[in-house]
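A.B. asks: Pasting a structure here, questions to come.
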Amino acid sequence: MPDSQPQQPSHSSSRRGPAGSGPLLLSGARLADGRTVDVRLGEGRIEAVGTAGSLAAAGPPGAGARVDLAGYLLLPAPADPHAHADTALTADSGGPVSRASRDVQHRVTEAALLQLGHGATSLRAHVRVGDVSGLGALTAVLRAGRALRGLVGLTTVAMPRVLTGTAGADGLAMLRDALKMGAGVVGGCPDLDPDPAGYVEAVLEVAAEHGCPVDLHTDAADPARLARLAAMAGGLRPGVTLGPCGGLDRLPAEVARRAADQLAAAGVTVVCLPQGGCGGAGLREAAPVGLLRRAGVRVAAGSGALRDLANPVGRGDPLEAAYLLASRHGLRPEDAYEAVSGAARAALGLPEVRVEAGFPAELLAVRGDRLAGALSLAYSRIVVHRGRVVARTSAVREYGDSASATALGLPRQGRGRLP
């Protein structure tokens, strides 16, 4: 296994200001369709795409930066629609997880930069509001998002625990306060409320008041409850996202198919978590991705837990999520990557990205020349956000001397002989 180390980008483009401060030329990149191209970026967008060697940086000589992407596959950047940044990196805490604002902000920042190094330039963080922490965790996440602006986009989902009955009044007030503070999405887990249907109704009402998207946690193991949710959510704009929906896989085949059809008719997006769950044992199963896609449901993939008590080994790597969708769920590599890029961006309400002129310059370069290989061995990566290089991960593989490897002319990457 190569030694992989995320780094601050060493290229001169990383020392420039925010997006739009200067042009950037990506030269000699391989696209998923096999073409080798130059890509010129400016003002946070793709200005031009031409055959390799045909483009130059805009402006006078020496004005623009250049990144040599020979040997790299250039793709639309991934996004993560389901992250738990406030509890990330707490698996080894050895005691109660600190809810102090400074500690939460530190965890969120570290987790977001880790995911940025993997290639995710936009993240949606699900944050618990109410209970003991009140709005403290949300405040810390919002503060981290502002500090990270220009490196990675971070939006927040406010997740109250209870919204019905006597206890629900406080939850509703807290939810409305969270939206006023800057949370961009109304969320929660109706399965934990004594009245799940009432919880969903309250969430949809608040979302309609504020014009916000909805993103709910549910196991989706109760088909009647899921049908009611789909009926209530149908037509809501900006839209409704559900996840991780692992309980669908436990339902009889015909019941699961009917549920998938209802979700498709309602326009609901399902975010699955191929790398592991984000809660108790009931949320650790994977949604039936193939069934949902055949029904016409938009399926995106998120990371869920990231080395916390729910999943102590989570990586938060969208390419690993795509690899698992291909290897375990049988998706073509192109469809698997779409789940962590195009579909994930759509779930977040972000504009589409293509490696074509006029599209946002949200890009990921991965060492390799084919998508299947990149998903298998995606060690070296260069991440572009808003038109500039914001992260670089380099990997070096070294071997001992081998007469057979030399005789066969096998490729070798390294800095010299091993001791």
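How things are named: the first chain in the structure tokens is A, the next is B, and so on; residues count from 1 in each chain; ligands count from 1 in the order shown.
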Just asking: which residues within stretch 171-213 of chain A are alpha helix (DSSP H) according to DSSP, as a list in words?

C.D. replies: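 These are the residues in question: Gly171, Leu172, Ala173, Met174, Leu175, Arg176, Asp177, Ala178, Leu179, Lys180, Met181, Pro196, Ala197, Gly198, Tyr199, Val200, Glu201, Ala202, Val203, Leu204, Glu205, Val206, Ala207, Ala208, Glu209 and His210 of chain A.
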
A.B. asks: At a cut-off of 8 Å, using only C-alpha atoms, what residues contact A:Thr164? Leave out same-chain residues fewer than 4 positions from it and give the result as number ranges by chain.

C.D. replies: A: 168-169, 193-195, 198-199, 202

A.B. asks: Skipping near chain neighbours, those fewer than 3 positions away, what residues fall within 12 Å of A:Ala230 using only C-alpha atoms, listed as an mmCIF file with N, CA and C atoms, in the first residue's frame?

C.D. replies:
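To be explicit, this is the file written out as out06.cif:
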data_model
loop_
_atom_site.group_PDB
_atom_site.id
_atom_site.type_symbol
_atom_site.label_atom_id
_atom_site.label_comp_id
_atom_site.auth_asym_id
_atom_site.auth_seq_id
_atom_site.Cartn_x
_atom_site.Cartn_y
_atom_site.Cartn_z
ATOM 1 N N ALA A 197 -45.327 10.598 11.598
ATOM 2 C CA ALA A 197 -46.065 11.348 10.573
ATOM 3 C C ALA A 197 -46.198 12.809 10.975
ATOM 4 N N VAL A 200 -42.876 14.587 10.343
ATOM 5 C CA VAL A 200 -42.677 14.930 8.936
ATOM 6 C C VAL A 200 -43.542 16.121 8.553
ATOM 7 N N GLU A 201 -44.769 16.133 9.013
ATOM 8 C CA GLU A 201 -45.665 17.241 8.708
ATOM 9 C C GLU A 201 -45.089 18.561 9.231
ATOM 10 N N LEU A 204 -42.044 19.611 7.035
ATOM 11 C CA LEU A 204 -42.442 20.136 5.740
ATOM 12 C C LEU A 204 -43.071 21.523 5.866
ATOM 13 N N LEU A 216 -34.094 14.204 5.502
ATOM 14 C CA LEU A 216 -34.488 13.426 6.670
ATOM 15 C C LEU A 216 -33.737 12.109 6.743
ATOM 16 N N ALA A 220 -36.500 3.632 6.698
ATOM 17 C CA ALA A 220 -37.430 3.279 5.619
ATOM 18 C C ALA A 220 -37.890 1.835 5.697
ATOM 19 N N PRO A 223 -43.168 0.375 5.368
ATOM 20 C CA PRO A 223 -43.658 0.817 4.046
ATOM 21 C C PRO A 223 -44.843 1.767 4.131
ATOM 22 N N ALA A 224 -45.737 1.581 5.106
ATOM 23 C CA ALA A 224 -46.884 2.483 5.230
ATOM 24 C C ALA A 224 -46.417 3.891 5.598
ATOM 25 N N ARG A 225 -45.484 3.966 6.537
ATOM 26 C CA ARG A 225 -44.953 5.265 6.945
ATOM 27 C C ARG A 225 -44.227 5.931 5.788
ATOM 28 N N LEU A 226 -43.457 5.128 5.031
ATOM 29 C CA LEU A 226 -42.721 5.678 3.899
ATOM 30 C C LEU A 226 -43.680 6.183 2.825
ATOM 31 N N ALA A 227 -44.785 5.463 2.600
ATOM 32 C CA ALA A 227 -45.770 5.894 1.611
ATOM 33 C C ALA A 227 -46.390 7.230 2.010
ATOM 34 N N ALA A 233 -44.474 14.605 0.759
ATOM 35 C CA ALA A 233 -43.313 15.318 0.219
ATOM 36 C C ALA A 233 -43.452 15.619 -1.259
ATOM 37 N N GLY A 234 -44.337 14.919 -1.958
ATOM 38 C CA GLY A 234 -44.451 15.062 -3.400
ATOM 39 C C GLY A 234 -44.669 16.502 -3.825
ATOM 40 N N GLY A 235 -43.817 16.976 -4.726
ATOM 41 C CA GLY A 235 -43.971 18.307 -5.270
ATOM 42 C C GLY A 235 -43.364 19.420 -4.447
ATOM 43 N N LEU A 236 -42.868 19.114 -3.236
ATOM 44 C CA LEU A 236 -42.261 20.173 -2.431
ATOM 45 C C LEU A 236 -40.997 20.692 -3.108
ATOM 46 N N GLY A 239 -37.133 20.631 -2.582
ATOM 47 C CA GLY A 239 -37.029 19.195 -2.724
ATOM 48 C C GLY A 239 -36.788 18.487 -1.416
ATOM 49 N N VAL A 240 -36.926 17.149 -1.468
ATOM 50 C CA VAL A 240 -36.813 16.304 -0.282
ATOM 51 C C VAL A 240 -35.788 15.212 -0.536
ATOM 52 N N THR A 241 -34.910 15.032 0.445
ATOM 53 C CA THR A 241 -33.905 13.972 0.400
ATOM 54 C C THR A 241 -34.103 13.061 1.602
ATOM 55 N N LEU A 242 -33.970 11.766 1.381
ATOM 56 C CA LEU A 242 -34.052 10.776 2.451
ATOM 57 C C LEU A 242 -32.781 9.945 2.463
ATOM 58 N N ARG A 258 -42.735 -1.343 -4.712
ATOM 59 C CA ARG A 258 -43.825 -0.373 -4.629
ATOM 60 C C ARG A 258 -43.354 0.894 -3.907
ATOM 61 N N ALA A 259 -42.566 0.726 -2.849
ATOM 62 C CA ALA A 259 -42.041 1.880 -2.126
ATOM 63 C C ALA A 259 -41.118 2.704 -3.014
ATOM 64 N N ALA A 260 -40.284 2.023 -3.794
ATOM 65 C CA ALA A 260 -39.377 2.738 -4.697
ATOM 66 C C ALA A 260 -40.166 3.522 -5.738
ATOM 67 N N ASP A 261 -41.231 2.931 -6.260
ATOM 68 C CA ASP A 261 -42.076 3.632 -7.232
ATOM 69 C C ASP A 261 -42.696 4.887 -6.609
ATOM 70 N N GLN A 262 -43.105 4.790 -5.357
ATOM 71 C CA GLN A 262 -43.705 5.946 -4.674
ATOM 72 C C GLN A 262 -42.686 7.058 -4.470
ATOM 73 N N LEU A 263 -41.466 6.686 -4.119
ATOM 74 C CA LEU A 263 -40.421 7.690 -3.952
ATOM 75 C C LEU A 263 -40.093 8.364 -5.282
ATOM 76 N N ALA A 264 -40.053 7.581 -6.355
ATOM 77 C CA ALA A 264 -39.772 8.142 -7.673
ATOM 78 C C ALA A 264 -40.877 9.110 -8.092
ATOM 79 N N ALA A 265 -42.139 8.722 -7.868
ATOM 80 C CA ALA A 265 -43.259 9.578 -8.252
ATOM 81 C C ALA A 265 -43.250 10.886 -7.474
ATOM 82 N N ALA A 266 -42.778 10.851 -6.225
ATOM 83 C CA ALA A 266 -42.739 12.052 -5.396
ATOM 84 C C ALA A 266 -41.520 12.920 -5.680
ATOM 85 N N GLY A 267 -40.588 12.440 -6.494
ATOM 86 C CA GLY A 267 -39.384 13.209 -6.784
ATOM 87 C C GLY A 267 -38.396 13.257 -5.634
ATOM 88 N N VAL A 268 -38.451 12.260 -4.750
ATOM 89 C CA VAL A 268 -37.570 12.215 -3.586
ATOM 90 C C VAL A 268 -36.207 11.652 -3.984
ATOM 91 N N THR A 269 -35.141 12.273 -3.508
ATOM 92 C CA THR A 269 -33.789 11.757 -3.695
ATOM 93 C C THR A 269 -33.411 10.889 -2.504
ATOM 94 N N VAL A 270 -32.768 9.762 -2.763
ATOM 95 C CA VAL A 270 -32.272 8.887 -1.699
ATOM 96 C C VAL A 270 -30.747 8.967 -1.673
ATOM 97 N N VAL A 297 -35.636 6.503 -9.159
ATOM 98 C CA VAL A 297 -35.266 7.359 -8.038
ATOM 99 C C VAL A 297 -33.846 7.874 -8.255
#

A.B. asks: Can you list, as an MDAnalysis selection string, every protein, DNA or RNA residue that comes within 9 Å of A:His329 when you count only C-alpha atoms, leaving out same-chain residues fewer than 2 positions away?

C.D. replies: chainID A and resid 288:290 324:327 331

A.B. asks: Excluding A:Ala173 and any residue of its chain fewer than 5 positions from it, enumerate the residues within 10 Å of it, using only C-alpha atoms, and give them as a PyMOL selection string.

C.D. replies: chain A and resi 130+160+163+168+178

A.B. asks: Could the residues in this selection be written to a file with all heavy atoms, as a compact mmCIF listing (two decimals), in the first residue's frame?

C.D. replies:
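Saved the output as result-v4.txt:
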# COMPACT_ATOMS: atom_id res chain seq x y z
N GLY A 130 -30.94 21.34 19.71
CA GLY A 130 -31.78 21.01 20.86
C GLY A 130 -31.04 20.09 21.80
O GLY A 130 -29.82 19.98 21.81
N PRO A 160 -33.60 18.59 14.68
CA PRO A 160 -34.19 18.49 16.02
C PRO A 160 -34.60 17.05 16.31
O PRO A 160 -34.89 16.27 15.40
CB PRO A 160 -35.43 19.39 15.92
CG PRO A 160 -35.79 19.33 14.47
CD PRO A 160 -34.51 19.18 13.70
N LEU A 163 -40.45 16.81 17.54
CA LEU A 163 -41.22 17.95 17.05
C LEU A 163 -42.71 17.85 17.34
O LEU A 163 -43.47 18.73 16.93
CB LEU A 163 -41.01 18.11 15.53
CG LEU A 163 -39.63 18.55 15.06
CD1 LEU A 163 -39.58 18.64 13.54
CD2 LEU A 163 -39.22 19.87 15.68
N GLY A 168 -42.35 18.73 21.73
CA GLY A 168 -42.07 19.19 20.38
C GLY A 168 -42.08 20.69 20.21
O GLY A 168 -41.48 21.22 19.26
N ALA A 178 -32.67 27.93 14.37
CA ALA A 178 -31.53 27.43 13.61
C ALA A 178 -31.53 27.97 12.18
O ALA A 178 -30.49 28.33 11.63
CB ALA A 178 -31.54 25.90 13.60

A.B. asks: When you look at A:His82 with a cut-off of 8 Å (counting only C-alpha atoms), what residues show up, excluding the ones that are within fewer than 3 positions of it in the same chain? I need them as a list in words.

C.D. replies: Leu123, Arg124, Ala125, His126, Val271, Ala301, Gly302, Ser303 and Gly304 of chain A

A.B. asks: Work out how far atom CA of A:Leu229 is from atom CA of A:Ala208, in Å to one decimal.

C.D. replies: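 Value for the atom CA of A:Ala208-atom CA of A:Leu229 distance: 15.2 Å.
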